[in-house]
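Colleague: Got a file for you: protein09.pdb, PDB, C-alpha atoms and all ligand atoms.
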ATOM      1  CA  LEU E  48     -32.589  -6.913  20.997
ATOM      2  CA  LYS E  49     -29.184  -7.612  19.433
ATOM      3  CA  PRO E  50     -28.143 -11.200  18.673
ATOM      4  CA  LYS E  51     -25.684 -12.705  21.171
ATOM      5  CA  VAL E  52     -22.290 -13.772  19.977
ATOM      6  CA  LEU E  53     -19.637 -15.823  21.728
ATOM      7  CA  VAL E  54     -16.143 -14.904  20.565
ATOM      8  CA  GLU E  55     -14.040 -17.863  21.530
ATOM      9  CA  SER E  56     -10.854 -16.958  19.624
ATOM     10  CA  GLN E  57      -8.488 -14.063  20.078
ATOM     11  CA  ILE E  58      -9.414 -11.421  17.515
ATOM     12  CA  PRO E  59      -8.159  -7.904  16.797
ATOM     13  CA  GLU E  60     -10.052  -4.857  18.084
ATOM     14  CA  GLU E  61     -11.221  -3.995  14.583
ATOM     15  CA  ALA E  62     -12.976  -7.341  14.190
ATOM     16  CA  GLU E  63     -14.556  -7.015  17.605
ATOM     17  CA  ALA E  64     -15.754  -3.496  16.771
ATOM     18  CA  LEU E  65     -17.377  -4.770  13.593
ATOM     19  CA  ILE E  66     -19.257  -7.482  15.478
ATOM     20  CA  ALA E  67     -20.232  -5.050  18.258
ATOM     21  CA  GLN E  68     -22.092  -2.879  15.744
ATOM     22  CA  TYR E  69     -24.697  -5.611  15.341
ATOM     23  CA  CYS E  70     -24.319  -7.996  18.259
ATOM     24  CA  ASP E  71     -23.789  -8.279  21.993
ATOM     25  CA  ILE E  72     -20.471  -9.976  22.610
ATOM     26  CA  TYR E  73     -19.416 -12.463  25.233
ATOM     27  CA  LYS E  74     -15.663 -12.873  24.966
ATOM     28  CA  TRP E  75     -13.355 -15.671  26.062
ATOM     29  CA  ASP E  76     -10.084 -13.801  26.354
ATOM     30  CA  LYS E  77      -7.695 -16.463  27.637
ATOM     31  CA  HIS E  78      -5.119 -17.969  25.324
ATOM     32  CA  GLU E  79      -6.007 -21.566  26.111
ATOM     33  CA  PRO E  80      -9.173 -22.986  24.547
ATOM     34  CA  MET E  81     -12.412 -22.505  26.471
ATOM     35  CA  PRO E  82     -13.135 -25.598  28.617
ATOM     36  CA  ARG E  83     -15.774 -27.711  26.851
ATOM     37  CA  GLU E  84     -18.129 -27.788  29.853
ATOM     38  CA  LEU E  85     -18.122 -24.008  30.216
ATOM     39  CA  LEU E  86     -18.550 -23.583  26.490
ATOM     40  CA  LEU E  87     -21.550 -25.919  26.392
ATOM     41  CA  GLU E  88     -23.132 -24.130  29.321
ATOM     42  CA  LYS E  89     -22.580 -20.742  27.728
ATOM     43  CA  MET E  90     -24.058 -21.824  24.384
ATOM     44  CA  SER E  91     -27.645 -21.988  25.698
ATOM     45  CA  ASP E  92     -28.522 -18.417  24.652
ATOM     46  CA  ILE E  93     -25.924 -17.781  21.943
ATOM     47  CA  ASP E  94     -26.923 -16.935  18.347
ATOM     48  CA  GLY E  95     -23.503 -16.887  16.756
ATOM     49  CA  LEU E  96     -20.145 -18.469  17.582
ATOM     50  CA  LEU E  97     -16.770 -17.217  16.378
ATOM     51  CA  THR E  98     -14.141 -19.928  16.787
ATOM     52  CA  SER E  99     -11.138 -21.503  15.086
ATOM     53  CA  SER E 100     -11.238 -25.190  15.901
ATOM     54  CA  THR E 101     -14.042 -26.060  18.309
ATOM     55  CA  LYS E 102     -15.711 -29.318  17.364
ATOM     56  CA  ILE E 103     -19.284 -28.670  16.245
ATOM     57  CA  ASP E 104     -21.159 -31.964  16.484
ATOM     58  CA  ASP E 105     -24.571 -33.250  17.607
ATOM     59  CA  HIS E 106     -23.589 -33.142  21.276
ATOM     60  CA  PHE E 107     -22.494 -29.510  20.954
ATOM     61  CA  LEU E 108     -25.597 -28.527  18.994
ATOM     62  CA  ASP E 109     -27.867 -30.124  21.593
ATOM     63  CA  HIS E 110     -26.598 -27.421  23.938
ATOM     64  CA  ALA E 111     -27.000 -24.597  21.440
ATOM     65  CA  LYS E 112     -30.695 -24.279  20.812
ATOM     66  CA  GLN E 113     -30.505 -20.656  19.686
ATOM     67  CA  LEU E 114     -27.476 -21.008  17.479
ATOM     68  CA  LYS E 115     -27.766 -19.786  13.892
ATOM     69  CA  VAL E 116     -24.189 -19.562  12.686
ATOM     70  CA  VAL E 117     -20.695 -20.805  13.454
ATOM     71  CA  SER E 118     -18.012 -18.669  11.855
ATOM     72  CA  SER E 119     -14.588 -20.296  11.796
ATOM     73  CA  ILE E 120     -11.356 -18.331  11.494
ATOM     74  CA  SER E 121      -9.822 -21.004   9.269
ATOM     75  CA  VAL E 122     -10.097 -22.263   5.750
ATOM     76  CA  GLY E 123     -10.321 -25.895   6.921
ATOM     77  CA  TYR E 124     -13.641 -26.916   8.443
ATOM     78  CA  ASN E 125     -13.052 -30.527   9.386
ATOM     79  CA  HIS E 126     -14.116 -29.597  12.942
ATOM     80  CA  PHE E 127     -17.676 -29.127  11.614
ATOM     81  CA  ASP E 128     -20.024 -32.098  11.459
ATOM     82  CA  LEU E 129     -21.708 -30.865   8.299
ATOM     83  CA  LYS E 130     -24.553 -33.362   8.436
ATOM     84  CA  ALA E 131     -25.478 -32.366  11.978
ATOM     85  CA  MET E 132     -25.345 -28.681  11.056
ATOM     86  CA  LYS E 133     -27.324 -29.105   7.863
ATOM     87  CA  THR E 134     -30.057 -31.132   9.580
ATOM     88  CA  ARG E 135     -30.553 -28.331  12.070
ATOM     89  CA  GLY E 136     -30.249 -25.540   9.522
ATOM     90  CA  ILE E 137     -27.156 -24.015  11.143
ATOM     91  CA  MET E 138     -24.939 -21.917   8.924
ATOM     92  CA  GLY E 139     -21.196 -22.537   8.868
ATOM     93  CA  THR E 140     -18.629 -20.192   7.372
ATOM     94  CA  HIS E 141     -14.859 -20.238   6.842
ATOM     95  CA  THR E 142     -12.117 -17.912   5.603
ATOM     96  CA  PRO E 143     -10.805 -19.041   2.213
ATOM     97  CA  ASN E 144      -8.534 -17.086  -0.164
ATOM     98  CA  VAL E 145      -7.069 -14.498   2.223
ATOM     99  CA  LEU E 146      -4.519 -17.074   3.430
ATOM    100  CA  ASN E 147      -3.526 -18.732   0.144
ATOM    101  CA  GLU E 148      -0.236 -16.937  -0.408
ATOM    102  CA  THR E 149       0.782 -17.082   3.256
ATOM    103  CA  VAL E 150       0.238 -20.828   3.528
ATOM    104  CA  ALA E 151       2.074 -21.320   0.229
ATOM    105  CA  ASP E 152       5.005 -19.342   1.684
ATOM    106  CA  LEU E 153       4.997 -21.685   4.665
ATOM    107  CA  ALA E 154       4.953 -24.766   2.442
ATOM    108  CA  PHE E 155       8.033 -23.390   0.723
ATOM    109  CA  THR E 156       9.627 -22.598   4.067
ATOM    110  CA  LEU E 157       9.363 -26.309   4.858
ATOM    111  CA  ILE E 158      10.574 -27.353   1.407
ATOM    112  CA  LEU E 159      13.655 -25.143   1.691
ATOM    113  CA  SER E 160      14.433 -25.875   5.310
ATOM    114  CA  THR E 161      14.231 -29.655   4.887
ATOM    115  CA  ALA E 162      16.209 -29.609   1.629
ATOM    116  CA  ARG E 163      18.948 -27.376   3.044
ATOM    117  CA  ARG E 164      18.723 -28.808   6.552
ATOM    118  CA  VAL E 165      18.245 -25.383   8.085
ATOM    119  CA  THR E 166      17.144 -26.341  11.596
ATOM    120  CA  GLU E 167      19.736 -29.119  11.898
ATOM    121  CA  LEU E 168      22.606 -26.849  10.866
ATOM    122  CA  ASP E 169      21.315 -24.035  13.056
ATOM    123  CA  GLN E 170      21.661 -26.454  15.984
ATOM    124  CA  TYR E 171      25.267 -27.303  15.013
ATOM    125  CA  ILE E 172      26.235 -23.654  15.118
ATOM    126  CA  ARG E 173      24.574 -23.085  18.477
ATOM    127  CA  GLN E 174      26.481 -26.085  19.808
ATOM    128  CA  GLY E 175      29.781 -24.556  18.677
ATOM    129  CA  GLN E 176      30.261 -27.013  15.820
ATOM    130  CA  TRP E 177      30.660 -24.606  12.884
ATOM    131  CA  GLN E 178      33.445 -26.726  11.313
ATOM    132  CA  LYS E 179      30.954 -29.521  10.673
ATOM    133  CA  SER E 180      29.237 -27.459   8.010
ATOM    134  CA  ASP E 181      32.130 -28.170   5.651
ATOM    135  CA  ASN E 182      31.447 -31.830   5.976
ATOM    136  CA  GLU E 183      29.846 -33.381   2.906
ATOM    137  CA  SER E 184      27.597 -35.470   5.111
ATOM    138  CA  LEU E 185      25.774 -32.256   5.997
ATOM    139  CA  PHE E 186      25.165 -31.059   2.448
ATOM    140  CA  GLY E 187      21.606 -30.615   1.288
ATOM    141  CA  ILE E 188      19.791 -31.121  -2.001
ATOM    142  CA  ASP E 189      18.682 -28.666  -4.662
ATOM    143  CA  VAL E 190      15.159 -27.337  -4.689
ATOM    144  CA  HIS E 191      15.483 -25.472  -7.975
ATOM    145  CA  HIS E 192      14.634 -27.571 -11.031
ATOM    146  CA  ALA E 193      13.623 -30.553  -8.886
ATOM    147  CA  LYS E 194      10.268 -32.294  -9.367
ATOM    148  CA  LEU E 195       7.483 -30.981  -7.138
ATOM    149  CA  GLY E 196       4.385 -33.147  -6.620
ATOM    150  CA  ILE E 197       1.366 -31.428  -5.086
ATOM    151  CA  ILE E 198      -1.468 -33.535  -3.705
ATOM    152  CA  GLY E 199      -4.603 -31.372  -3.547
ATOM    153  CA  MET E 200      -4.692 -28.647  -6.186
ATOM    154  CA  GLY E 201      -7.016 -26.141  -4.566
ATOM    155  CA  ARG E 202      -6.312 -22.443  -4.236
ATOM    156  CA  ILE E 203      -3.352 -22.973  -1.901
ATOM    157  CA  GLY E 204      -2.004 -25.794  -4.066
ATOM    158  CA  GLU E 205      -2.011 -23.393  -7.004
ATOM    159  CA  ALA E 206      -0.080 -20.777  -5.037
ATOM    160  CA  ILE E 207       2.529 -23.425  -4.175
ATOM    161  CA  ALA E 208       2.679 -24.555  -7.813
ATOM    162  CA  ARG E 209       3.261 -20.972  -8.965
ATOM    163  CA  ARG E 210       6.196 -20.562  -6.597
ATOM    164  CA  GLY E 211       7.668 -23.877  -7.682
ATOM    165  CA  LYS E 212       7.229 -23.307 -11.391
ATOM    166  CA  PHE E 213       8.066 -19.639 -11.810
ATOM    167  CA  GLY E 214      10.249 -19.025  -8.764
ATOM    168  CA  PHE E 215      12.337 -22.181  -8.658
ATOM    169  CA  GLY E 216      12.022 -23.531 -12.201
ATOM    170  CA  MET E 217      10.626 -26.781 -10.858
ATOM    171  CA  ASP E 218       8.857 -29.452 -12.832
ATOM    172  CA  VAL E 219       5.421 -29.367 -11.163
ATOM    173  CA  VAL E 220       2.919 -32.232 -11.199
ATOM    174  CA  TYR E 221      -0.272 -32.537  -9.200
ATOM    175  CA  TYR E 222      -2.908 -35.001  -8.121
ATOM    176  CA  ASN E 223      -6.466 -33.883  -7.391
ATOM    177  CA  ARG E 224      -9.939 -35.455  -7.251
ATOM    178  CA  ASN E 225     -10.746 -33.686 -10.509
ATOM    179  CA  ARG E 226      -8.397 -32.417 -13.124
ATOM    180  CA  LYS E 227      -7.895 -28.657 -13.294
ATOM    181  CA  LEU E 228      -7.477 -27.967 -16.986
ATOM    182  CA  GLU E 229      -7.342 -24.190 -16.612
ATOM    183  CA  THR E 230      -4.666 -24.445 -13.941
ATOM    184  CA  GLU E 231      -2.704 -26.863 -16.114
ATOM    185  CA  ALA E 232      -2.714 -24.311 -18.921
ATOM    186  CA  SER E 233      -2.051 -21.167 -16.881
ATOM    187  CA  LEU E 234       0.619 -22.603 -14.570
ATOM    188  CA  ARG E 235       2.017 -25.190 -16.969
ATOM    189  CA  VAL E 236       1.644 -28.005 -14.461
ATOM    190  CA  GLU E 237       0.728 -31.581 -15.268
ATOM    191  CA  TYR E 238      -1.875 -33.897 -13.796
ATOM    192  CA  CYS E 239      -0.377 -37.126 -12.490
ATOM    193  CA  PRO E 240      -2.061 -40.223 -10.986
ATOM    194  CA  LEU E 241      -1.335 -40.436  -7.260
ATOM    195  CA  ASP E 242       0.942 -43.494  -7.290
ATOM    196  CA  GLU E 243       2.998 -42.104 -10.149
ATOM    197  CA  LEU E 244       3.358 -38.770  -8.360
ATOM    198  CA  LEU E 245       4.466 -40.523  -5.175
ATOM    199  CA  SER E 246       7.061 -42.629  -6.947
ATOM    200  CA  THR E 247       8.604 -39.870  -9.076
ATOM    201  CA  ALA E 248       8.490 -36.546  -7.177
ATOM    202  CA  ASP E 249      11.495 -35.166  -5.277
ATOM    203  CA  PHE E 250       9.236 -33.035  -3.054
ATOM    204  CA  ILE E 251       5.756 -34.245  -2.186
ATOM    205  CA  VAL E 252       3.476 -31.610  -0.681
ATOM    206  CA  LEU E 253       0.229 -32.748   0.896
ATOM    207  CA  MET E 254      -2.329 -29.940   0.712
ATOM    208  CA  THR E 255      -5.660 -31.722   0.639
ATOM    209  CA  PRO E 256      -8.512 -30.871   3.026
ATOM    210  CA  LEU E 257      -9.311 -33.464   5.696
ATOM    211  CA  THR E 258     -12.473 -35.366   4.765
ATOM    212  CA  LYS E 259     -13.669 -38.949   5.249
ATOM    213  CA  LYS E 260     -11.933 -39.768   1.959
ATOM    214  CA  THR E 261      -8.563 -38.248   2.862
ATOM    215  CA  VAL E 262      -8.103 -39.720   6.366
ATOM    216  CA  LYS E 263      -4.716 -41.491   6.292
ATOM    217  CA  LEU E 264      -4.466 -40.873   2.562
ATOM    218  CA  ILE E 265      -0.707 -41.280   2.924
ATOM    219  CA  GLY E 266       0.291 -44.417   4.827
ATOM    220  CA  LYS E 267       2.734 -47.336   4.690
ATOM    221  CA  ARG E 268       1.953 -48.282   1.081
ATOM    222  CA  GLU E 269       2.223 -44.675  -0.140
ATOM    223  CA  PHE E 270       5.460 -43.974   1.744
ATOM    224  CA  GLY E 271       6.761 -47.234   0.282
ATOM    225  CA  LEU E 272       6.292 -45.833  -3.223
ATOM    226  CA  MET E 273       8.376 -42.712  -2.544
ATOM    227  CA  LYS E 274      12.003 -42.447  -3.612
ATOM    228  CA  PRO E 275      14.556 -42.811  -0.792
ATOM    229  CA  THR E 276      15.668 -39.298  -1.712
ATOM    230  CA  ALA E 277      12.141 -37.812  -1.510
ATOM    231  CA  ILE E 278      11.101 -35.127   0.944
ATOM    232  CA  PHE E 279       7.561 -35.181   2.305
ATOM    233  CA  ILE E 280       5.776 -31.974   3.398
ATOM    234  CA  ASN E 281       2.430 -31.838   5.197
ATOM    235  CA  VAL E 282       0.613 -28.508   5.485
ATOM    236  CA  SER E 283      -2.928 -29.916   5.397
ATOM    237  CA  ARG E 284      -4.108 -31.750   8.522
ATOM    238  CA  GLY E 285      -2.256 -34.348  10.589
ATOM    239  CA  GLN E 286      -4.966 -36.966  10.154
ATOM    240  CA  THR E 287      -4.378 -37.154   6.399
ATOM    241  CA  VAL E 288      -1.193 -39.084   7.215
ATOM    242  CA  ASP E 289      -0.556 -42.338   9.067
ATOM    243  CA  GLU E 290       1.966 -40.844  11.475
ATOM    244  CA  ALA E 291       3.309 -44.193  12.719
ATOM    245  CA  ALA E 292       4.087 -45.137   9.102
ATOM    246  CA  LEU E 293       5.794 -41.768   8.628
ATOM    247  CA  VAL E 294       8.023 -42.339  11.649
ATOM    248  CA  ASP E 295       8.904 -45.791  10.306
ATOM    249  CA  VAL E 296       9.848 -44.636   6.838
ATOM    250  CA  LEU E 297      11.950 -41.763   8.222
ATOM    251  CA  GLU E 298      13.754 -44.021  10.692
ATOM    252  CA  ASN E 299      14.494 -46.602   8.019
ATOM    253  CA  GLY E 300      15.770 -44.165   5.407
ATOM    254  CA  GLY E 301      12.779 -44.864   3.160
ATOM    255  CA  ILE E 302      12.592 -41.127   2.447
ATOM    256  CA  ARG E 303      15.100 -38.344   3.046
ATOM    257  CA  ALA E 304      13.182 -35.957   5.290
ATOM    258  CA  ALA E 305       9.831 -34.522   6.296
ATOM    259  CA  GLY E 306       8.579 -30.991   6.946
ATOM    260  CA  LEU E 307       5.441 -30.887   9.077
ATOM    261  CA  ASP E 308       3.130 -28.063  10.145
ATOM    262  CA  VAL E 309       0.351 -30.398  11.302
ATOM    263  CA  PHE E 310       0.096 -33.543  13.441
ATOM    264  CA  GLU E 311      -2.342 -36.293  14.294
ATOM    265  CA  GLU E 312      -2.624 -34.813  17.769
ATOM    266  CA  GLU E 313      -2.047 -31.144  18.428
ATOM    267  CA  PRO E 314      -0.141 -30.062  20.379
ATOM    268  CA  ILE E 315       2.193 -32.957  19.583
ATOM    269  CA  ASN E 316       3.566 -34.661  22.689
ATOM    270  CA  ALA E 317       7.142 -33.557  23.399
ATOM    271  CA  ASP E 318       8.163 -37.251  23.622
ATOM    272  CA  HIS E 319       6.797 -38.101  20.203
ATOM    273  CA  PRO E 320       9.270 -40.212  18.140
ATOM    274  CA  LEU E 321       9.041 -37.703  15.250
ATOM    275  CA  LEU E 322      10.722 -35.115  17.444
ATOM    276  CA  LYS E 323      13.742 -37.358  17.967
ATOM    277  CA  LEU E 324      14.591 -37.357  14.265
ATOM    278  CA  LYS E 325      17.090 -34.883  12.824
ATOM    279  CA  ASN E 326      15.610 -35.123   9.347
ATOM    280  CA  VAL E 327      12.271 -33.699  10.449
ATOM    281  CA  VAL E 328      11.423 -29.996  10.550
ATOM    282  CA  VAL E 329       8.385 -29.246  12.674
ATOM    283  CA  LEU E 330       6.166 -26.203  13.147
ATOM    284  CA  PRO E 331       3.195 -25.713  15.507
ATOM    285  CA  HIS E 332       0.405 -25.432  12.875
ATOM    286  CA  ILE E 333       1.246 -21.889  11.852
ATOM    287  CA  GLY E 334       0.528 -22.080   8.111
ATOM    288  CA  SER E 335      -1.587 -18.937   8.087
ATOM    289  CA  ALA E 336      -0.014 -17.249  11.113
ATOM    290  CA  THR E 337       1.345 -13.917   9.920
ATOM    291  CA  HIS E 338       0.071 -10.664  11.438
ATOM    292  CA  GLN E 339      -1.567  -9.494   8.231
ATOM    293  CA  THR E 340      -3.150 -12.787   7.245
ATOM    294  CA  ARG E 341      -4.550 -13.565  10.674
ATOM    295  CA  PHE E 342      -5.945 -10.019  10.747
ATOM    296  CA  ASP E 343      -7.580 -10.528   7.362
ATOM    297  CA  MET E 344      -8.968 -13.906   8.431
ATOM    298  CA  ALA E 345     -10.473 -12.461  11.621
ATOM    299  CA  MET E 346     -12.088  -9.570   9.721
ATOM    300  CA  LEU E 347     -13.540 -11.966   7.157
ATOM    301  CA  ALA E 348     -14.843 -14.256   9.900
ATOM    302  CA  ALA E 349     -16.435 -11.261  11.647
ATOM    303  CA  ARG E 350     -18.090 -10.209   8.387
ATOM    304  CA  ASN E 351     -19.367 -13.763   7.779
ATOM    305  CA  LEU E 352     -20.816 -13.797  11.294
ATOM    306  CA  THR E 353     -22.533 -10.418  11.179
ATOM    307  CA  ASP E 354     -23.950 -11.014   7.699
ATOM    308  CA  ALA E 355     -25.433 -14.314   8.847
ATOM    309  CA  LEU E 356     -26.995 -12.677  11.906
ATOM    310  CA  THR E 357     -28.446  -9.716  10.005
ATOM    311  CA  GLY E 358     -30.364 -11.765   7.489
ATOM    312  CA  GLN E 359     -27.825 -11.756   4.673
ATOM    313  CA  THR E 360     -26.046 -14.636   3.005
ATOM    314  CA  PRO E 361     -22.492 -14.574   4.363
ATOM    315  CA  PRO E 362     -19.813 -14.366   1.655
ATOM    316  CA  ASN E 363     -18.117 -17.574   2.729
ATOM    317  CA  LEU E 364     -20.961 -19.907   3.558
ATOM    318  CA  ILE E 365     -19.547 -23.433   3.344
ATOM    319  CA  GLU E 366     -20.434 -25.081   0.041
ATOM    320  CA  GLU E 367     -21.938 -28.226   1.582
ATOM    321  CA  LEU E 368     -24.259 -26.131   3.765
ATOM    322  CA  LYS E 369     -25.758 -24.053   0.979
TER     323      LYS E 369
HETATM  324  C1  LIG B   1      -6.767 -23.183   8.372
HETATM  325  O1  LIG B   1      -7.111 -22.034   8.106
HETATM  326  O2  LIG B   1      -7.474 -24.174   8.148
HETATM  327  C2  LIG B   1      -5.450 -23.329   9.045
HETATM  328  O3  LIG B   1      -4.964 -24.621   8.988
HETATM  329  C3  LIG B   1      -5.573 -22.901  10.471
HETATM  330  O4  LIG B   1      -6.384 -23.809  11.153
END
Turn the structure described in the file into structure tokens.
Ligand code: DGY
Modeller:
Amino acid sequence: LKPKVLVESQIPEEAEALIAQYCDIYKWDKHEPMPRELLLEKMSDIDGLLTSSTKIDDHFLDHAKQLKVVSSISVGYNHFDLKAMKTRGIMGTHTPNVLNETVADLAFTLILSTARRVTELDQYIRQGQWQKSDNESLFGIDVHHAKLGIIGMGRIGEAIARRGKFGFGMDVVYYNRNRKLETEASLRVEYCPLDELLSTADFIVLMTPLTKKTVKLIGKREFGLMKPTAIFINVSRGQTVDEAALVDVLENGGIRAAGLDVFEEEPINADHPLLKLKNVVVLPHIGSATHQTRFDMAMLAARNLTDALTGQTPPNLIEELK
């Protein structure tokens, strides 16, 4: 008898074919997330779940008595209650590395589009106001040779640092739980205490994973330390920022602009005050969303899943669950 797998995310045919070699598949093929009730009901005889953001907690696991592995098509795994999974001996996997360069590209997209006011000026042209672009009040700021501060120097942080240092000649500093001496040497970047980074960087990129320690890492006090000319970029998770404090500091000119791929609540409500501000560039959590990278992530997630269900150690078993 083959193990039963629930594929809750949209995946390419190739990934499905890989899973089908070893497992029977039940597929949720609608674009909206599977309703929680239906999901819980379905989980009763499922051995493996392939998902991207479904919350795996005690309540969920109570309904999943046969479950052996949850394979997430994401590098972040803040939707996993690791303690609950560990207690029950459930494996959890993620998809690191294959998305590093793509997410770093997106971070730079936000850096460049906030600095050069790309979305704001695009709107002017569409509204027939080309002449305004000659107006000094619409000029941007330089990215090249500015000071880039990266909070969270993991693999993606390094890819951002490389672009900043070698592509744009930026002065790159970083803050991380532990110093990365090898990275400092190879990328010529400098470690900087958090408050000093916040008060001196021209571009502050938040790239830390969401954990108990990083919830609202950046709030009123931290925004207060930033230069009024600073630009704040968040490509990590919305909950790492106090969003109300961000709105405040943007409205009061405490910083110049913000570029955001992630929000406290997703999807963000269309009436949200952030969306009323011209100096904010927003994206719908698409850091890793290119055709190639999402393909690679799905294939890796499928491999993690099938390895776990065929008695092997999956290549990307989450560190805390080892
Ligand atoms: C990730 O891989 O964690 C991205 O943010 C998509 O969720």
Colleague: With distances taken over only C-alpha atoms, which residue among E:His126, E:Ser233, E:Phe250, E:Gly216 lies nearest E:Leu159?
Modeller: E:Phe250
Colleague: Quick one: apply the PyMOL selection byres (((not hetatm)) within 6 of (chain B and resi 1)) to the file and drop the selected residues here as an MDAnalysis selection string.
Modeller: chainID E and resid 121:123 335
Colleague: With distances taken over all atoms listed in the file, which residue among E:Leu241, E:Ile137, E:Val294, E:Met344 lies nearest E:Gly196?
Modeller: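 Among the listed residues, the smallest separation from E:Gly196 belongs to E:Leu241.
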Colleague: Atom CA of E:Asn147 to atom CA of E:Lys267: how many Å, to one decimal?
Modeller: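 Spanning atom CA of E:Asn147 to atom CA of E:Lys267 is a straight-line distance of 29.6 Å.
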Colleague: Please write as a PDB file with C-alpha atoms, keeping the file's coordinate frame the full residue list that the PyMOL selection byres (((chain E and resi 366) around 12) and not hetatm) yields on this file.
Modeller:
ATOM      1  CA  TYR E 124     -13.641 -26.916   8.443  1.00  0.00           C
ATOM      2  CA  LEU E 129     -21.708 -30.865   8.299  1.00  0.00           C
ATOM      3  CA  LYS E 133     -27.324 -29.105   7.863  1.00  0.00           C
ATOM      4  CA  MET E 138     -24.939 -21.917   8.924  1.00  0.00           C
ATOM      5  CA  GLY E 139     -21.196 -22.537   8.868  1.00  0.00           C
ATOM      6  CA  THR E 140     -18.629 -20.192   7.372  1.00  0.00           C
ATOM      7  CA  HIS E 141     -14.859 -20.238   6.842  1.00  0.00           C
ATOM      8  CA  PRO E 143     -10.805 -19.041   2.213  1.00  0.00           C
ATOM      9  CA  PRO E 361     -22.492 -14.574   4.363  1.00  0.00           C
ATOM     10  CA  PRO E 362     -19.813 -14.366   1.655  1.00  0.00           C
ATOM     11  CA  ASN E 363     -18.117 -17.574   2.729  1.00  0.00           C
ATOM     12  CA  LEU E 364     -20.961 -19.907   3.558  1.00  0.00           C
ATOM     13  CA  ILE E 365     -19.547 -23.433   3.344  1.00  0.00           C
ATOM     14  CA  GLU E 367     -21.938 -28.226   1.582  1.00  0.00           C
ATOM     15  CA  LEU E 368     -24.259 -26.131   3.765  1.00  0.00           C
ATOM     16  CA  LYS E 369     -25.758 -24.053   0.979  1.00  0.00           C
TER      17      LYS E 369
END
Colleague: Evaluated on this file, the PyMOL selection byres (((chain E and resi 119) around 7) and not hetatm) picks out some residues - which ones are they, written as a VMD selection string?
Modeller: chain E and resid 97 to 99 117 to 118 120 to 121 140 to 141 348
Colleague: Which residues are close to E:Lys74, i.e. within 9 Å by only C-alpha atoms, leaving aside same-chain residues fewer than 4 positions away? Reply as a list in words.
Modeller: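 Returned residues: Val52, Leu53, Val54, Glu55, Ser56 and Gln57 of chain E.
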Colleague: As an exercise, work out the distance from atom CA of E:Ala193 to atom CA of E:Thr255 in Å and give it to one decimal place.
Modeller: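 Between these atoms lies a distance of 21.5 Å.
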Colleague: Do a neighbour search on E:Pro275 at 8 Å with all atoms listed in the file, toss out local chain neighbours closer than 2 positions, and write the hits as an MDAnalysis selection string.
Modeller: chainID E and resid 273 277 300:303
Colleague: For atom CA of E:Lys51 and atom CA of E:Thr357, determine how far apart the two atoms are, in Å to one decimal place.
Modeller: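 These atoms are spaced 11.9 Å apart.
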Colleague: For E:Gln339, which residue among E:Leu356, E:Leu321, E:Leu146, E:Ala64 is the nearest when counting all atoms listed in the file?
Modeller: E:Leu146
Colleague: Got a sec: who's within 10 Å of stretch 208-214 of chain E, counting all atoms listed in the file, leaving out chain neighbours fewer than 4 positions off, as a ChimeraX atom specification?
Modeller: /E:148,151-152,155,190-197,200,202-204,218-221,230,233-236
Colleague: Can you write just those residues out, C-alpha atoms, as a short mmCIF file (atom, residue, chain, number, x, y, z; two decimals), in the coordinates of the input?
Modeller:
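After the write, result_32.cif holds the following:
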data_model
loop_
_atom_site.label_atom_id
_atom_site.label_comp_id
_atom_site.auth_asym_id
_atom_site.auth_seq_id
_atom_site.Cartn_x
_atom_site.Cartn_y
_atom_site.Cartn_z
CA GLU E 148 -0.24 -16.94 -0.41
CA ALA E 151 2.07 -21.32 0.23
CA ASP E 152 5.00 -19.34 1.68
CA PHE E 155 8.03 -23.39 0.72
CA VAL E 190 15.16 -27.34 -4.69
CA HIS E 191 15.48 -25.47 -7.98
CA HIS E 192 14.63 -27.57 -11.03
CA ALA E 193 13.62 -30.55 -8.89
CA LYS E 194 10.27 -32.29 -9.37
CA LEU E 195 7.48 -30.98 -7.14
CA GLY E 196 4.38 -33.15 -6.62
CA ILE E 197 1.37 -31.43 -5.09
CA MET E 200 -4.69 -28.65 -6.19
CA ARG E 202 -6.31 -22.44 -4.24
CA ILE E 203 -3.35 -22.97 -1.90
CA GLY E 204 -2.00 -25.79 -4.07
CA ASP E 218 8.86 -29.45 -12.83
CA VAL E 219 5.42 -29.37 -11.16
CA VAL E 220 2.92 -32.23 -11.20
CA TYR E 221 -0.27 -32.54 -9.20
CA THR E 230 -4.67 -24.44 -13.94
CA SER E 233 -2.05 -21.17 -16.88
CA LEU E 234 0.62 -22.60 -14.57
CA ARG E 235 2.02 -25.19 -16.97
CA VAL E 236 1.64 -28.00 -14.46
#
Colleague: Which polymer residues have any atom within 12 Å of an atom of E:Ile72, counting all atoms listed in the file, with same-chain residues fewer than 2 positions away left out, as a ChimeraX atom specification?
Modeller: /E:49-55,62-70,74-76,92-97,349,352-353
Colleague: Give the answer as one residue: which of E:Gly266, E:Gly358, E:Gly199, E:Pro80 has the shortest atom-to-atom distance to E:Tyr238, using all atoms listed in the file?
Modeller: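 So, comparing all the options, the nearest one is E:Gly199.
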